[in-house]
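Enquirer: Below you'll find the structure I mean.
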Amino acid sequence: MKRAFILIAALAGFIAIPAQARDQIRIVGSSTIFPFTTAVAEEFGITTPFRTPVVESTGTGGGMKLFCAGVGTRHPDVTNASRRIKKSEVEKCVRNGVTDITEVKIGFDGIVLANSLKVPRTSFSLRHIFLGLAKQVPANETGATLQPNPYEKWSDIDSTLPKIKIKVLGPPPTSGSRDAFAELALEGGCKTFSDLKAMKNSDKNTYKVVCHSIREDGAYVEAGENDNLIIRKLEADTNAFGVFGFSFLDQNQDKVQGSLVNDVSPEFENIADGKYPVARSLYFYVKNAHMDIIPGIEAFVSEFTSDNAMGKDGYLIDKGLIPLGEDERKQQIEKLSM
């Protein structure tokens, strides 16, 4: 695999890498991608002469922080991300000598607002989600004036919603799922108010603060990077909703159900077709300076992008990954072999 898709121009100078190389790939990052990467790592450990990679669920932001901290065997080789790398993260990588990175897009995922199967399924609009969870909400129909979020029950927003206290368990700020949820769900609802939508052109910074800031009065509960813990809490509390990736919903359909969003159910086909409004792309990033230092990275990337893993009938699809179209998957593979 050639060091393709270089995001950052190499800096002048020599980067020293310790001679004592690890013999095991180290991977960090997104909790959403964790089960996919773990499945690939297990297959890789069985079918190749290399050791099974160590995979840690640190959240996308936490993974980027570790990945961009430097080059050398003390630092991870790969990071998973449920969003694309940010400009600020690229800049941090450069400052620490991480100047040659390969990006691999692996598929898509929907972000669901789920609850227990013991209660009726809920249908939210993006506006409902914004009004339920935003720190500030419109005080009038256009959004010309704002107020601290006054809503205590979902039914305070719309009488068709459940008459229960707003309680949503979700990922922390370090999570790519949190970033994507804010961008797709909250901002999606925010833009339904005409004055707030217009603010995007007139005052982009304020617009982002208003449309992305989640309330801090207890209605939204940061539940860490462990999505399985959220599932268990939803089983115990039938009045709560949880925010996590579609793959966890797919693997726990005997326990929880995904709410409709804008009348669309979070199902495999709806996410793949782009009908479900809260969906995002998934990636992993490889530190190219480690390719000749840590054994097996090239083989691991080949396994991850193989038809056996992320093809339309691959084992990652059984884990809940929404696959790339065949043409786009071939583009990713071609990019790696250029």
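Identifiers in this document derive from the order of the structure tokens: chains are assigned A, B, ..., residues are numbered from 1 separately in each chain, and ligands are numbered from 1 in order of occurrence.
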As a list in words, please: every residue in range 130-193 of chain A that a backbone DSSP assignment puts in strand (DSSP E or B).

Expert: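 So, restricting range 130-193 of chain A to strand (DSSP E or B), we get Ala134, Gln136, Val137, Pro138, Leu146, Gln147, Pro148, Lys153, Lys165, Val168, Leu169 and Gly170 of chain A.
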
Enquirer: Limited to N, CA and C atoms, could you put the picked residues into a file as a PDB file, in the first residue's frame?

Expert:
ATOM      1  N   ALA A 134     -31.566  21.634  23.104  1.00  0.00           N
ATOM      2  CA  ALA A 134     -30.694  22.799  22.940  1.00  0.00           C
ATOM      3  C   ALA A 134     -30.617  23.625  24.224  1.00  0.00           C
ATOM      4  N   GLN A 136     -30.217  26.936  24.400  1.00  0.00           N
ATOM      5  CA  GLN A 136     -31.111  28.087  24.190  1.00  0.00           C
ATOM      6  C   GLN A 136     -32.075  27.744  23.064  1.00  0.00           C
ATOM      7  N   VAL A 137     -33.310  28.193  23.203  1.00  0.00           N
ATOM      8  CA  VAL A 137     -34.323  27.919  22.182  1.00  0.00           C
ATOM      9  C   VAL A 137     -35.081  29.192  21.851  1.00  0.00           C
ATOM     10  N   PRO A 138     -35.725  29.242  20.692  1.00  0.00           N
ATOM     11  CA  PRO A 138     -36.479  30.433  20.311  1.00  0.00           C
ATOM     12  C   PRO A 138     -37.616  30.756  21.280  1.00  0.00           C
ATOM     13  N   LEU A 146     -34.153  34.602  21.824  1.00  0.00           N
ATOM     14  CA  LEU A 146     -33.862  33.307  22.422  1.00  0.00           C
ATOM     15  C   LEU A 146     -34.095  33.346  23.926  1.00  0.00           C
ATOM     16  N   GLN A 147     -34.256  32.166  24.504  1.00  0.00           N
ATOM     17  CA  GLN A 147     -34.447  32.027  25.943  1.00  0.00           C
ATOM     18  C   GLN A 147     -33.775  30.736  26.415  1.00  0.00           C
ATOM     19  N   PRO A 148     -33.384  30.656  27.683  1.00  0.00           N
ATOM     20  CA  PRO A 148     -32.894  29.376  28.204  1.00  0.00           C
ATOM     21  C   PRO A 148     -33.980  28.320  28.049  1.00  0.00           C
ATOM     22  N   LYS A 153     -40.948  18.616  29.949  1.00  0.00           N
ATOM     23  CA  LYS A 153     -41.485  17.374  29.405  1.00  0.00           C
ATOM     24  C   LYS A 153     -41.509  17.463  27.881  1.00  0.00           C
ATOM     25  N   LYS A 165     -40.788  13.412  31.508  1.00  0.00           N
ATOM     26  CA  LYS A 165     -39.676  14.338  31.663  1.00  0.00           C
ATOM     27  C   LYS A 165     -38.624  14.080  30.587  1.00  0.00           C
ATOM     28  N   VAL A 168     -32.291  12.377  28.250  1.00  0.00           N
ATOM     29  CA  VAL A 168     -31.578  11.739  27.142  1.00  0.00           C
ATOM     30  C   VAL A 168     -30.163  11.414  27.588  1.00  0.00           C
ATOM     31  N   LEU A 169     -29.799  10.142  27.458  1.00  0.00           N
ATOM     32  CA  LEU A 169     -28.450   9.684  27.771  1.00  0.00           C
ATOM     33  C   LEU A 169     -27.638   9.681  26.490  1.00  0.00           C
ATOM     34  N   GLY A 170     -26.509  10.365  26.499  1.00  0.00           N
ATOM     35  CA  GLY A 170     -25.756  10.467  25.256  1.00  0.00           C
ATOM     36  C   GLY A 170     -24.270  10.607  25.461  1.00  0.00           C
TER      37      GLY A 170
END

Enquirer: Hey, which of A:Arg95, A:Arg22, A:Arg215, A:Lys118 ends up closest to Leu186 in chain A? Count only C-alpha atoms.

Expert: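 Ranked by minimum distance to Leu186 in chain A, first place goes to A:Arg215.
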
Enquirer: Between A:Lys208, A:Asp23, A:Asn80, A:Ser57, which one has atoms that come closest to Asn228 in chain A, using only C-alpha atoms?

Expert: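 When distances to Asn228 in chain A are compared using only C-alpha atoms, the smallest one comes from A:Ser57.
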
Enquirer: May I ask which of the residues A:Gln253, A:Thr52, A:Thr160, A:Thr142 is the closest one to Met199 in chain A, counting only C-alpha atoms?

Expert: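 Selected residue with least distance to Met199 in chain A: A:Thr142.
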
Enquirer: Pick the closest to Ile294 in chain A from A:Asp227, A:Asp217, A:Asp77, A:Glu43: which is it, counting only C-alpha atoms?

Expert: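 Selected residue with least distance to Ile294 in chain A: A:Asp77.
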
Enquirer: So how far away is CA of Gly242 in chain A from CA of Leu113 in chain A, in Å?

Expert: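 Computing the Euclidean distance for CA of Leu113 in chain A and CA of Gly242 in chain A yields 5.5 Å.
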
Enquirer: Excluding Ser123 in chain A and any residue of its chain fewer than 5 positions from it, enumerate the residues within 8 Å of it, using only C-alpha atoms, and give them as a PyMOL selection string.

Expert: chain A and resi 161+259-263

Enquirer: Grab the CA of Ala198 in chain A to CA of Tyr276 in chain A distance for me, in Å with one decimal place.

Expert: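 Taking CA of Ala198 in chain A as the start and CA of Tyr276 in chain A as the end point, the length is 24.5 Å.
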
Enquirer: Give me the residues within 10 Å of Gln24 in chain A as a PyMOL selection string, counting only C-alpha atoms and dropping any in the same chain fewer than 6 places off.

Expert: chain A and resi 50-54+77+294-297

Enquirer: Store the residues of this selection in a file with C-alpha atoms, as a PDB file, in the first residue's frame.

Expert:
ATOM      1  CA  PHE A  50       0.559 -11.054  12.952  1.00  0.00           C
ATOM      2  CA  ARG A  51      -0.650 -10.537  16.513  1.00  0.00           C
ATOM      3  CA  THR A  52      -4.228  -9.410  17.097  1.00  0.00           C
ATOM      4  CA  PRO A  53      -4.272  -5.579  17.281  1.00  0.00           C
ATOM      5  CA  VAL A  54      -5.104  -3.816  20.536  1.00  0.00           C
ATOM      6  CA  ASP A  77      -0.872   3.702  14.759  1.00  0.00           C
ATOM      7  CA  ILE A 294       4.938  -1.704  13.333  1.00  0.00           C
ATOM      8  CA  PRO A 295       4.431  -5.096  11.668  1.00  0.00           C
ATOM      9  CA  GLY A 296       1.151  -5.805   9.920  1.00  0.00           C
ATOM     10  CA  ILE A 297      -0.390  -2.358   9.410  1.00  0.00           C
TER      11      ILE A 297
END
